[in-house]
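See below for structure_5.tsv, which holds TSV, C-alpha atoms.
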```tsv
chain	number	residue	atom	x	y	z
A	316	MET	CA	5.90	30.82	21.75
A	317	SER	CA	6.54	27.07	22.03
A	318	MET	CA	9.60	25.63	20.31
A	319	PHE	CA	10.43	22.09	19.35
A	320	GLU	CA	12.91	20.27	21.57
A	321	PHE	CA	14.77	19.23	18.40
A	322	THR	CA	14.35	19.89	14.67
A	323	PRO	CA	11.38	17.89	13.32
A	324	PRO	CA	12.07	15.57	10.38
A	325	ALA	CA	11.07	16.67	6.90
A	326	PRO	CA	7.52	15.55	6.04
A	327	ALA	CA	7.13	12.31	4.12
A	328	SER	CA	6.15	12.87	0.49
A	329	LEU	CA	5.67	11.23	-2.89
A	330	ALA	CA	6.57	12.26	-6.41
A	331	ILE	CA	3.85	13.56	-8.73
A	332	HIS	CA	3.80	12.58	-12.39
A	333	ASP	CA	4.81	15.44	-14.72
A	334	SER	CA	5.43	17.86	-11.84
A	335	GLU	CA	8.33	19.07	-9.71
A	336	ASN	CA	5.95	19.33	-6.76
A	337	ARG	CA	5.61	16.49	-4.27
A	338	PHE	CA	2.52	15.12	-2.53
A	339	PRO	CA	2.79	15.41	1.28
A	340	VAL	CA	1.87	12.13	2.98
A	341	ARG	CA	-0.11	12.36	6.21
A	342	ARG	CA	-1.14	8.75	6.93
A	343	ILE	CA	-1.25	5.42	5.09
A	344	PHE	CA	-4.34	3.21	5.35
A	345	CYS	CA	-4.28	-0.30	3.88
A	346	VAL	CA	-7.22	-2.55	3.00
A	347	GLY	CA	-6.80	-6.22	3.89
A	348	ARG	CA	-7.79	-9.07	1.55
A	349	ASN	CA	-9.67	-6.98	-1.03
A	350	TYR	CA	-9.36	-9.46	-3.95
A	351	ALA	CA	-11.20	-12.78	-3.61
A	352	ALA	CA	-8.38	-14.91	-5.03
A	353	HIS	CA	-5.86	-13.40	-2.62
A	354	ALA	CA	-8.22	-13.99	0.31
A	355	ARG	CA	-8.37	-17.65	-0.70
A	356	GLU	CA	-4.60	-18.00	-0.99
A	357	MET	CA	-4.33	-16.58	2.53
A	358	GLY	CA	-6.75	-19.23	3.75
A	359	LYS	CA	-9.72	-16.91	4.26
A	360	ASP	CA	-13.30	-16.74	2.99
A	361	PRO	CA	-13.62	-14.14	0.19
A	362	ASP	CA	-17.29	-13.41	0.94
A	363	ARG	CA	-18.15	-9.70	0.98
A	364	GLU	CA	-17.88	-9.13	4.72
A	365	PRO	CA	-17.11	-5.59	5.94
A	366	PRO	CA	-13.57	-4.55	4.95
A	367	PHE	CA	-10.83	-4.26	7.54
A	368	PHE	CA	-7.88	-1.92	7.63
A	369	PHE	CA	-4.35	-1.62	8.97
A	370	THR	CA	-1.89	1.24	8.77
A	371	LYS	CA	1.70	2.07	7.92
A	372	PRO	CA	3.60	5.14	9.12
A	373	ALA	CA	3.86	7.98	6.62
A	374	ASP	CA	7.63	7.68	6.48
A	375	ALA	CA	7.38	4.08	5.27
A	376	VAL	CA	7.02	5.50	1.73
A	377	ALA	CA	9.85	5.09	-0.78
A	378	ASP	CA	10.13	6.50	-4.28
A	379	ASN	CA	10.09	4.59	-7.55
A	380	GLY	CA	13.53	3.18	-8.28
A	381	SER	CA	14.45	2.80	-4.62
A	382	ILE	CA	16.88	0.20	-3.36
A	383	ILE	CA	15.17	-1.59	-0.45
A	384	PRO	CA	17.42	-3.48	1.98
A	385	TYR	CA	16.10	-6.89	3.03
A	386	PRO	CA	14.44	-6.00	6.35
A	387	PRO	CA	15.47	-7.36	9.75
A	388	GLU	CA	13.72	-10.07	11.76
A	389	THR	CA	12.18	-11.93	8.82
A	390	ARG	CA	12.85	-15.01	6.73
A	391	ASP	CA	9.78	-14.55	4.50
A	392	PHE	CA	9.74	-11.12	2.80
A	393	HIS	CA	6.82	-10.66	0.36
A	394	TYR	CA	5.62	-8.28	-2.36
A	395	GLU	CA	1.99	-7.13	-2.85
A	396	ILE	CA	1.16	-4.86	-5.82
A	397	GLU	CA	-1.65	-2.37	-5.13
A	398	LEU	CA	-3.73	0.49	-6.54
A	399	ILE	CA	-2.96	3.65	-4.54
A	400	VAL	CA	-5.56	6.34	-3.76
A	401	ALA	CA	-4.45	9.81	-2.68
A	402	ILE	CA	-6.92	11.98	-0.72
A	403	GLY	CA	-7.04	15.66	-1.64
A	404	GLU	CA	-9.89	17.05	0.49
A	405	ASP	CA	-10.79	16.75	4.16
A	406	CYS	CA	-13.92	14.73	4.76
A	407	THR	CA	-15.93	12.98	7.46
A	408	ASP	CA	-18.68	10.41	6.86
A	409	VAL	CA	-18.71	11.08	3.12
A	410	ALA	CA	-21.40	9.28	1.13
A	411	LYS	CA	-20.26	6.67	-1.38
A	412	GLU	CA	-21.83	8.75	-4.16
A	413	LYS	CA	-19.65	11.75	-3.18
A	414	ALA	CA	-16.48	9.87	-2.25
A	415	LEU	CA	-14.62	10.42	-5.53
A	416	ASP	CA	-14.91	14.19	-5.01
A	417	VAL	CA	-12.26	13.96	-2.27
A	418	VAL	CA	-9.82	11.82	-4.28
A	419	TRP	CA	-6.82	13.80	-5.56
A	420	GLY	CA	-5.31	11.02	-7.62
A	421	TYR	CA	-4.01	7.49	-8.07
A	422	GLY	CA	-0.80	5.55	-8.34
A	423	VAL	CA	0.96	2.19	-8.22
A	424	GLY	CA	2.50	0.89	-5.00
A	425	ILE	CA	3.86	-2.22	-3.35
A	426	ASP	CA	2.86	-3.29	0.15
A	427	LEU	CA	6.07	-4.98	1.31
A	428	THR	CA	5.35	-7.49	4.05
A	429	ARG	CA	7.31	-9.51	6.59
A	430	ARG	CA	4.90	-12.41	6.07
A	431	ASP	CA	6.20	-14.64	8.85
A	432	LEU	CA	5.76	-11.85	11.40
A	433	GLN	CA	2.32	-10.94	10.04
A	434	LEU	CA	1.04	-14.52	10.20
A	435	ALA	CA	2.48	-15.12	13.66
A	436	ALA	CA	0.65	-12.03	14.91
A	437	ARG	CA	-2.55	-12.97	13.08
A	438	ASP	CA	-2.59	-16.45	14.56
A	439	LYS	CA	-2.27	-15.00	18.08
A	440	GLY	CA	-4.91	-12.32	17.48
A	441	ARG	CA	-2.30	-9.56	17.71
A	442	PRO	CA	-1.86	-6.41	15.56
A	443	TRP	CA	-0.04	-6.72	12.23
A	444	ASP	CA	2.27	-3.74	12.75
A	445	TRP	CA	5.56	-5.66	12.90
A	446	GLY	CA	4.70	-7.50	9.70
A	447	LYS	CA	3.47	-4.48	7.75
A	448	ALA	CA	4.63	-1.15	9.19
A	449	PHE	CA	8.42	-1.33	8.97
A	450	ASP	CA	10.90	1.02	7.28
A	451	LEU	CA	10.54	1.45	3.48
A	452	SER	CA	7.57	-0.92	3.38
A	453	ALA	CA	5.50	1.28	1.04
A	454	PRO	CA	7.32	2.06	-2.22
A	455	ILE	CA	5.00	4.11	-4.43
A	456	ALA	CA	5.51	5.35	-7.99
A	457	PRO	CA	4.70	8.98	-8.97
A	458	LEU	CA	1.04	9.79	-8.37
A	459	HIS	CA	-1.28	10.81	-11.20
A	460	ARG	CA	-3.91	13.52	-10.75
A	461	ALA	CA	-7.50	12.35	-11.11
A	462	ALA	CA	-8.08	15.53	-13.11
A	463	THR	CA	-5.80	13.99	-15.75
A	464	VAL	CA	-6.42	10.23	-15.57
A	465	GLY	CA	-9.98	10.20	-14.28
A	466	HIS	CA	-11.12	7.60	-11.75
A	467	PRO	CA	-10.00	4.18	-13.04
A	468	THR	CA	-12.39	1.29	-12.41
A	469	GLN	CA	-10.75	-1.35	-14.59
A	470	GLY	CA	-7.34	-2.14	-16.00
A	471	ARG	CA	-4.57	-4.71	-15.70
A	472	ILE	CA	-2.63	-4.75	-12.42
A	473	TRP	CA	0.54	-6.84	-12.42
A	474	LEU	CA	3.84	-7.53	-10.69
A	475	ALA	CA	6.96	-9.34	-11.90
A	476	VAL	CA	10.09	-10.56	-10.14
A	477	ASN	CA	13.20	-10.59	-12.34
A	478	GLY	CA	10.95	-10.32	-15.39
A	479	THR	CA	8.63	-13.21	-14.50
A	480	VAL	CA	5.03	-12.15	-13.87
A	481	ARG	CA	3.86	-13.31	-10.44
A	482	GLN	CA	0.65	-11.29	-9.96
A	483	GLU	CA	-1.86	-10.39	-12.67
A	484	ALA	CA	-5.48	-9.31	-12.33
A	485	ASP	CA	-7.81	-6.40	-13.07
A	486	ILE	CA	-8.63	-3.63	-10.60
A	487	ALA	CA	-12.29	-4.25	-11.50
A	488	GLU	CA	-11.92	-7.35	-9.29
A	489	LEU	CA	-11.66	-5.30	-6.09
A	490	ILE	CA	-14.21	-6.64	-3.59
A	491	TRP	CA	-14.69	-3.13	-2.17
A	492	ASP	CA	-14.18	-0.42	-4.80
A	493	VAL	CA	-12.61	2.99	-4.26
A	494	PRO	CA	-15.81	4.97	-3.46
A	495	GLU	CA	-16.84	2.31	-0.93
A	496	ILE	CA	-13.41	2.21	0.71
A	497	VAL	CA	-13.22	6.01	1.04
A	498	SER	CA	-16.77	6.21	2.41
A	499	ILE	CA	-16.27	3.42	4.95
A	500	LEU	CA	-12.94	4.81	6.17
A	501	SER	CA	-14.43	8.28	6.59
A	502	ARG	CA	-17.10	6.92	8.95
A	503	SER	CA	-14.46	5.90	11.48
A	504	MET	CA	-12.19	8.94	11.32
A	505	ALA	CA	-11.79	12.20	9.48
A	506	LEU	CA	-9.84	11.72	6.28
A	507	LYS	CA	-7.45	14.57	5.55
A	508	ARG	CA	-5.54	15.91	2.57
A	509	GLY	CA	-2.39	13.86	2.21
A	510	ASP	CA	-3.87	10.57	3.37
A	511	ILE	CA	-2.95	7.56	1.22
A	512	ILE	CA	-5.00	4.39	0.79
A	513	MET	CA	-3.45	1.13	-0.40
A	514	THR	CA	-6.46	-0.77	-1.73
A	515	GLY	CA	-5.36	-4.41	-1.51
A	516	THR	CA	-3.47	-6.93	-3.63
A	517	PRO	CA	-4.48	-9.68	-6.07
A	518	ALA	CA	-3.41	-13.32	-5.78
A	519	GLY	CA	0.13	-14.45	-6.45
A	520	VAL	CA	2.02	-12.95	-3.50
A	521	GLY	CA	5.37	-14.53	-2.74
A	522	ALA	CA	8.86	-14.17	-1.36
A	523	ILE	CA	11.71	-12.00	-2.60
A	524	VAL	CA	15.40	-12.03	-1.69
A	525	PRO	CA	18.44	-9.78	-2.13
A	526	GLY	CA	19.31	-9.34	-5.79
A	527	ASP	CA	15.69	-9.48	-6.96
A	528	LYS	CA	14.31	-6.72	-9.17
A	529	VAL	CA	10.60	-6.15	-8.60
A	530	THR	CA	8.52	-4.36	-11.24
A	531	GLY	CA	4.81	-3.75	-11.59
A	532	GLY	CA	2.15	-1.52	-13.00
A	533	ILE	CA	-1.48	-0.63	-13.56
A	534	ASP	CA	-2.95	0.31	-16.95
A	535	GLY	CA	-3.05	4.09	-17.27
A	536	LEU	CA	-1.03	4.72	-14.09
A	537	GLY	CA	2.47	3.75	-15.13
A	538	THR	CA	4.93	1.36	-13.56
A	539	ILE	CA	7.08	0.90	-10.47
A	540	ALA	CA	10.49	-0.73	-10.02
A	541	ILE	CA	12.49	-1.47	-6.88
A	542	ASP	CA	15.63	-3.48	-6.18
A	543	ILE	CA	16.01	-5.69	-3.12
A	544	ALA	CA	19.44	-5.34	-1.52
A	545	GLU	CA	21.34	-7.16	1.18
A	546	PRO	CA	20.30	-6.33	4.77
A	547	ALA	CA	21.61	-3.03	6.07
A	548	ALA	CA	24.76	-3.34	8.17
A	549	GLY	CA	23.91	-3.92	11.80
A	550	ALA	CA	20.22	-4.42	11.05
A	551	GLY	CA	19.98	-7.57	13.14
A	552	ALA	CA	18.35	-9.61	10.38
A	553	ALA	CA	16.92	-12.96	11.42
A	554	GLY	CA	18.20	-14.39	8.15
A	555	LYS	CA	16.76	-14.26	4.67
A	556	ALA	CA	14.94	-17.07	2.95
A	557	ALA	CA	17.06	-19.44	0.88
```

Represent the supplied structure as structure tokens.
Amino acid sequence: MSMFEFTPPAPASLAIHDSENRFPVRRIFCVGRNYAAHAREMGKDPDREPPFFFTKPADAVADNGSIIPYPPETRDFHYEIELIVAIGEDCTDVAKEKALDVVWGYGVGIDLTRRDLQLAARDKGRPWDWGKAFDLSAPIAPLHRAATVGHPTQGRIWLAVNGTVRQEADIAELIWDVPEIVSILSRSMALKRGDIIMTGTPAGVGAIVPGDKVTGGIDGLGTIAIDIAEPAAGAGAAGKAA
């Protein structure tokens, strides 16, 4: 019988609303530029071209109420509020009309981004990993079961920094909706129970610094709150924005 060379880490997981159980996280897929206004503010054409995806490691998740140290190697640390989709059934090449059958539930999350590193990579045609896939870059509030909240197609999505609203839109404005996203992803690889999809952010993204309190929410799915702290000791930060 094979044994591990060392004890594996505990699996990444997320809280579940009104439950002591936790949702095991397998992978995190993220949809890029899925609101037209955000595509424009990033200098891109919002036309309905095929969606593109990037990923974060499962252990990038952080619970609601987390204290997030300002990450190393960035001077431009951004927030992006997003609708979260949690997959509850394995599927491959699922039809759009059947895609909601594999969705376990929904939540509110923030795609934290080292924007300067992301844009430098984008401009050189390189992967976005260093800008998107760092430690604690995916804080997500407790997930809600679809059996309880249904499959939301509209509702206010918002984010505030220190009480001032910076992002505000409606999830009905998604360029590619949830059934389409799930179906398209499942054509490229088998989706599995525990996979998480971050569906994209509306316009209004911007920088945050230590001391900021970031809050947000989506109608019917509750709210999220995180605090941005000073860089961790010895983190080798490039220096935060003024």

message = Neighbouring residues of Val340 (chain A) were defined as those with any atom within 8 Å, considering all atoms listed in the file; residues of the same chain fewer than 6 positions away were excluded. Please report them as an NGL selection string.
response = :A and (326-329 or 373 or 509-511)

task = Would you mind listing what lies within 10 Å of Asp378 (chain A) as a VMD selection string, with all atoms listed in the file counted and same-chain residues fewer than 3 positions away left out?
result = chain A and resid 328 to 330 381 to 382 424 451 453 to 457 539 to 541

query = Within 7 Å of Leu474 (chain A), counting only C-alpha atoms, which residues qualify if same-chain residues fewer than 3 places away don't, as a PyMOL selection string?
reply = chain A and resi 396+480-483+530-532

Residues just named, written with C-alpha atoms as an mmCIF file, in the coordinates of the input:
```cif
data_model
loop_
_atom_site.group_PDB
_atom_site.id
_atom_site.type_symbol
_atom_site.label_atom_id
_atom_site.label_comp_id
_atom_site.auth_asym_id
_atom_site.auth_seq_id
_atom_site.Cartn_x
_atom_site.Cartn_y
_atom_site.Cartn_z
ATOM 1 C CA ILE A 396 1.160 -4.860 -5.820
ATOM 2 C CA VAL A 480 5.030 -12.150 -13.870
ATOM 3 C CA ARG A 481 3.860 -13.310 -10.440
ATOM 4 C CA GLN A 482 0.650 -11.290 -9.960
ATOM 5 C CA GLU A 483 -1.860 -10.390 -12.670
ATOM 6 C CA THR A 530 8.520 -4.360 -11.240
ATOM 7 C CA GLY A 531 4.810 -3.750 -11.590
ATOM 8 C CA GLY A 532 2.150 -1.520 -13.000
#
```

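The space between CA of Lys413 (chain A) and CA of Phe338 (chain A) spans 22.4 Å.
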
task = Pick out the closest residue to Ile486 (chain A) from this set: A:Gly403, A:Gly535, A:Gly549, A:Gly521. Count only C-alpha atoms.
result = A:Gly535

Region 375-390 of chain A, all listed atoms, 4 Å padding on each side: what axis-aligned box centre and edge lengths in Å to one decimal come out, as JSON?
```
{"center_x": 12.2, "center_y": -4.3, "center_z": 1.7, "size_x": 18.4, "size_y": 29.5, "size_z": 28.0}
```

request  = Using only C-alpha atoms, find all polymer residues with an atom at most 8 Å away from the point (6.4, 3.5, 8.4); report them as a VMD selection string.
outcome  = chain A and resid 371 to 376 448 to 453

Nearest candidate to Arg471 (chain A) (options A:Leu398, A:Ala484, A:Ile496, A:Leu427; using only C-alpha atoms) =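 Among the listed residues, the smallest separation from Arg471 (chain A) belongs to A:Ala484.
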
Long-range neighbours of Glu488 (chain A) as number ranges by chain, 12 Å cut-off, only C-alpha atoms, 2 positions minimum in chain = A: 348-353, 361, 398, 468-472, 483-486, 490-493, 514-518

inquiry  = Under the rule that only C-alpha atoms are counted, which of A:Ser503, A:Thr389, A:Thr370, A:Ser334 is the nearest residue to Gly347 (chain A)?
reply    =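 Closest to Gly347 (chain A), using only C-alpha atoms: A:Thr370.
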
ask   = By how many Å are CA of Asp534 (chain A) and CA of Gly478 (chain A) apart?
value = 17.6 Å

inquiry  = Restricting the calculation to all atoms listed in the file: of A:Gly440, A:Pro494, A:Pro525, A:Gly465, which residue gets closest to His393 (chain A)?
reply    =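 Of A:Gly440, A:Pro494, A:Pro525, A:Gly465, the one nearest His393 (chain A) is A:Pro525, counting all atoms listed in the file.
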
May I have the residues within 9 Å of Ile512 (chain A) as a PDB file with C-alpha atoms, keeping the file's coordinate frame, using only C-alpha atoms and disregarding those fewer than 3 positions away in the same chain?
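File out_13.pdb, as written:
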```
ATOM      1  CA  ARG A 342      -1.140   8.750   6.930  1.00  0.00           C
ATOM      2  CA  ILE A 343      -1.250   5.420   5.090  1.00  0.00           C
ATOM      3  CA  PHE A 344      -4.340   3.210   5.350  1.00  0.00           C
ATOM      4  CA  CYS A 345      -4.280  -0.300   3.880  1.00  0.00           C
ATOM      5  CA  VAL A 346      -7.220  -2.550   3.000  1.00  0.00           C
ATOM      6  CA  LEU A 398      -3.730   0.490  -6.540  1.00  0.00           C
ATOM      7  CA  ILE A 399      -2.960   3.650  -4.540  1.00  0.00           C
ATOM      8  CA  VAL A 400      -5.560   6.340  -3.760  1.00  0.00           C
ATOM      9  CA  ALA A 401      -4.450   9.810  -2.680  1.00  0.00           C
ATOM     10  CA  ILE A 402      -6.920  11.980  -0.720  1.00  0.00           C
ATOM     11  CA  ILE A 496     -13.410   2.210   0.710  1.00  0.00           C
ATOM     12  CA  VAL A 497     -13.220   6.010   1.040  1.00  0.00           C
TER      13      VAL A 497
END
```

inquiry  = Using only C-alpha atoms and a cutoff of 10 Å, can you tell me which residues are near (-0.9, 10.9, -11.8) in the file's coordinates, and write them out as a PyMOL selection string?
reply    = chain A and resi 330-334+401+419-423+456-465+535-537

Dump of C-alpha atoms for the selected residues, as a PDB file, keeping the file's coordinate frame:
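Result went into part_37.pdb, see below:
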```
ATOM      1  CA  ALA A 330       6.570  12.260  -6.410  1.00  0.00           C
ATOM      2  CA  ILE A 331       3.850  13.560  -8.730  1.00  0.00           C
ATOM      3  CA  HIS A 332       3.800  12.580 -12.390  1.00  0.00           C
ATOM      4  CA  ASP A 333       4.810  15.440 -14.720  1.00  0.00           C
ATOM      5  CA  SER A 334       5.430  17.860 -11.840  1.00  0.00           C
ATOM      6  CA  ALA A 401      -4.450   9.810  -2.680  1.00  0.00           C
ATOM      7  CA  TRP A 419      -6.820  13.800  -5.560  1.00  0.00           C
ATOM      8  CA  GLY A 420      -5.310  11.020  -7.620  1.00  0.00           C
ATOM      9  CA  TYR A 421      -4.010   7.490  -8.070  1.00  0.00           C
ATOM     10  CA  GLY A 422      -0.800   5.550  -8.340  1.00  0.00           C
ATOM     11  CA  VAL A 423       0.960   2.190  -8.220  1.00  0.00           C
ATOM     12  CA  ALA A 456       5.510   5.350  -7.990  1.00  0.00           C
ATOM     13  CA  PRO A 457       4.700   8.980  -8.970  1.00  0.00           C
ATOM     14  CA  LEU A 458       1.040   9.790  -8.370  1.00  0.00           C
ATOM     15  CA  HIS A 459      -1.280  10.810 -11.200  1.00  0.00           C
ATOM     16  CA  ARG A 460      -3.910  13.520 -10.750  1.00  0.00           C
ATOM     17  CA  ALA A 461      -7.500  12.350 -11.110  1.00  0.00           C
ATOM     18  CA  ALA A 462      -8.080  15.530 -13.110  1.00  0.00           C
ATOM     19  CA  THR A 463      -5.800  13.990 -15.750  1.00  0.00           C
ATOM     20  CA  VAL A 464      -6.420  10.230 -15.570  1.00  0.00           C
ATOM     21  CA  GLY A 465      -9.980  10.200 -14.280  1.00  0.00           C
ATOM     22  CA  GLY A 535      -3.050   4.090 -17.270  1.00  0.00           C
ATOM     23  CA  LEU A 536      -1.030   4.720 -14.090  1.00  0.00           C
ATOM     24  CA  GLY A 537       2.470   3.750 -15.130  1.00  0.00           C
TER      25      GLY A 537
END
```

inquiry  = Between CA of Ile383 (chain A) and CA of Phe369 (chain A), what distance in Å does the model show, to one decimal?
reply    =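 So the answer is 21.7 Å.
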
Could you rebuild region 494-504 of chain A with all heavy atoms and give me the result as an mmCIF file, in the frame of the given file?
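Printed below is out32.cif as written:
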```cif
data_model
loop_
_atom_site.group_PDB
_atom_site.id
_atom_site.type_symbol
_atom_site.label_atom_id
_atom_site.label_comp_id
_atom_site.auth_asym_id
_atom_site.auth_seq_id
_atom_site.Cartn_x
_atom_site.Cartn_y
_atom_site.Cartn_z
ATOM 1 N N PRO A 494 -14.821 4.161 -4.181
ATOM 2 C CA PRO A 494 -15.810 4.970 -3.460
ATOM 3 C C PRO A 494 -16.259 4.318 -2.147
ATOM 4 O O PRO A 494 -16.446 5.009 -1.135
ATOM 5 C CB PRO A 494 -16.972 5.083 -4.449
ATOM 6 C CG PRO A 494 -16.347 4.904 -5.786
ATOM 7 C CD PRO A 494 -15.251 3.911 -5.571
ATOM 8 N N GLU A 495 -16.426 3.000 -2.157
ATOM 9 C CA GLU A 495 -16.840 2.310 -0.930
ATOM 10 C C GLU A 495 -15.761 2.381 0.137
ATOM 11 O O GLU A 495 -16.047 2.639 1.316
ATOM 12 C CB GLU A 495 -17.172 0.849 -1.260
ATOM 13 C CG GLU A 495 -18.428 0.695 -2.094
ATOM 14 C CD GLU A 495 -18.620 -0.714 -2.614
ATOM 15 O OE1 GLU A 495 -17.625 -1.394 -2.934
ATOM 16 O OE2 GLU A 495 -19.787 -1.148 -2.713
ATOM 17 N N ILE A 496 -14.508 2.168 -0.258
ATOM 18 C CA ILE A 496 -13.410 2.210 0.710
ATOM 19 C C ILE A 496 -13.306 3.594 1.351
ATOM 20 O O ILE A 496 -13.190 3.721 2.575
ATOM 21 C CB ILE A 496 -12.076 1.859 0.017
ATOM 22 C CG1 ILE A 496 -12.058 0.388 -0.391
ATOM 23 C CG2 ILE A 496 -10.886 2.173 0.926
ATOM 24 C CD1 ILE A 496 -10.938 0.040 -1.351
ATOM 25 N N VAL A 497 -13.340 4.638 0.523
ATOM 26 C CA VAL A 497 -13.220 6.010 1.040
ATOM 27 C C VAL A 497 -14.390 6.313 1.986
ATOM 28 O O VAL A 497 -14.205 6.863 3.081
ATOM 29 C CB VAL A 497 -13.171 7.027 -0.110
ATOM 30 C CG1 VAL A 497 -13.262 8.463 0.414
ATOM 31 C CG2 VAL A 497 -11.881 6.843 -0.913
ATOM 32 N N SER A 498 -15.599 5.941 1.590
ATOM 33 C CA SER A 498 -16.770 6.210 2.410
ATOM 34 C C SER A 498 -16.698 5.485 3.752
ATOM 35 O O SER A 498 -16.934 6.080 4.811
ATOM 36 C CB SER A 498 -18.039 5.797 1.652
ATOM 37 O OG SER A 498 -19.188 5.989 2.442
ATOM 38 N N ILE A 499 -16.322 4.209 3.719
ATOM 39 C CA ILE A 499 -16.270 3.420 4.950
ATOM 40 C C ILE A 499 -15.176 3.942 5.879
ATOM 41 O O ILE A 499 -15.384 4.071 7.095
ATOM 42 C CB ILE A 499 -16.061 1.930 4.612
ATOM 43 C CG1 ILE A 499 -17.318 1.366 3.937
ATOM 44 C CG2 ILE A 499 -15.725 1.127 5.861
ATOM 45 C CD1 ILE A 499 -17.126 0.020 3.288
ATOM 46 N N LEU A 500 -14.001 4.251 5.341
ATOM 47 C CA LEU A 500 -12.940 4.810 6.170
ATOM 48 C C LEU A 500 -13.372 6.112 6.835
ATOM 49 O O LEU A 500 -13.103 6.339 8.021
ATOM 50 C CB LEU A 500 -11.697 5.072 5.320
ATOM 51 C CG LEU A 500 -10.614 4.010 5.275
ATOM 52 C CD1 LEU A 500 -9.544 4.401 4.269
ATOM 53 C CD2 LEU A 500 -9.990 3.798 6.644
ATOM 54 N N SER A 501 -14.065 6.959 6.083
ATOM 55 C CA SER A 501 -14.430 8.280 6.590
ATOM 56 C C SER A 501 -15.500 8.220 7.680
ATOM 57 O O SER A 501 -15.742 9.213 8.367
ATOM 58 C CB SER A 501 -14.899 9.188 5.452
ATOM 59 O OG SER A 501 -16.195 8.825 4.987
ATOM 60 N N ARG A 502 -16.144 7.075 7.853
ATOM 61 C CA ARG A 502 -17.100 6.920 8.950
ATOM 62 C C ARG A 502 -16.394 6.759 10.291
ATOM 63 O O ARG A 502 -16.939 7.100 11.335
ATOM 64 C CB ARG A 502 -17.970 5.686 8.714
ATOM 65 C CG ARG A 502 -18.901 5.758 7.525
ATOM 66 C CD ARG A 502 -19.618 4.422 7.378
ATOM 67 N NE ARG A 502 -20.166 4.255 6.034
ATOM 68 C CZ ARG A 502 -20.563 3.090 5.539
ATOM 69 N NH1 ARG A 502 -20.459 1.985 6.276
ATOM 70 N NH2 ARG A 502 -21.046 3.017 4.315
ATOM 71 N N SER A 503 -15.185 6.200 10.240
ATOM 72 C CA SER A 503 -14.460 5.900 11.480
ATOM 73 C C SER A 503 -13.562 7.037 11.933
ATOM 74 O O SER A 503 -13.295 7.173 13.123
ATOM 75 C CB SER A 503 -13.609 4.641 11.289
ATOM 76 O OG SER A 503 -14.426 3.506 11.195
ATOM 77 N N MET A 504 -13.063 7.817 10.981
ATOM 78 C CA MET A 504 -12.190 8.940 11.320
ATOM 79 C C MET A 504 -12.211 9.932 10.182
ATOM 80 O O MET A 504 -12.572 9.601 9.054
ATOM 81 C CB MET A 504 -10.759 8.465 11.593
ATOM 82 C CG MET A 504 -10.082 7.788 10.438
ATOM 83 S SD MET A 504 -8.508 7.062 10.946
ATOM 84 C CE MET A 504 -9.096 5.646 11.889
#
```
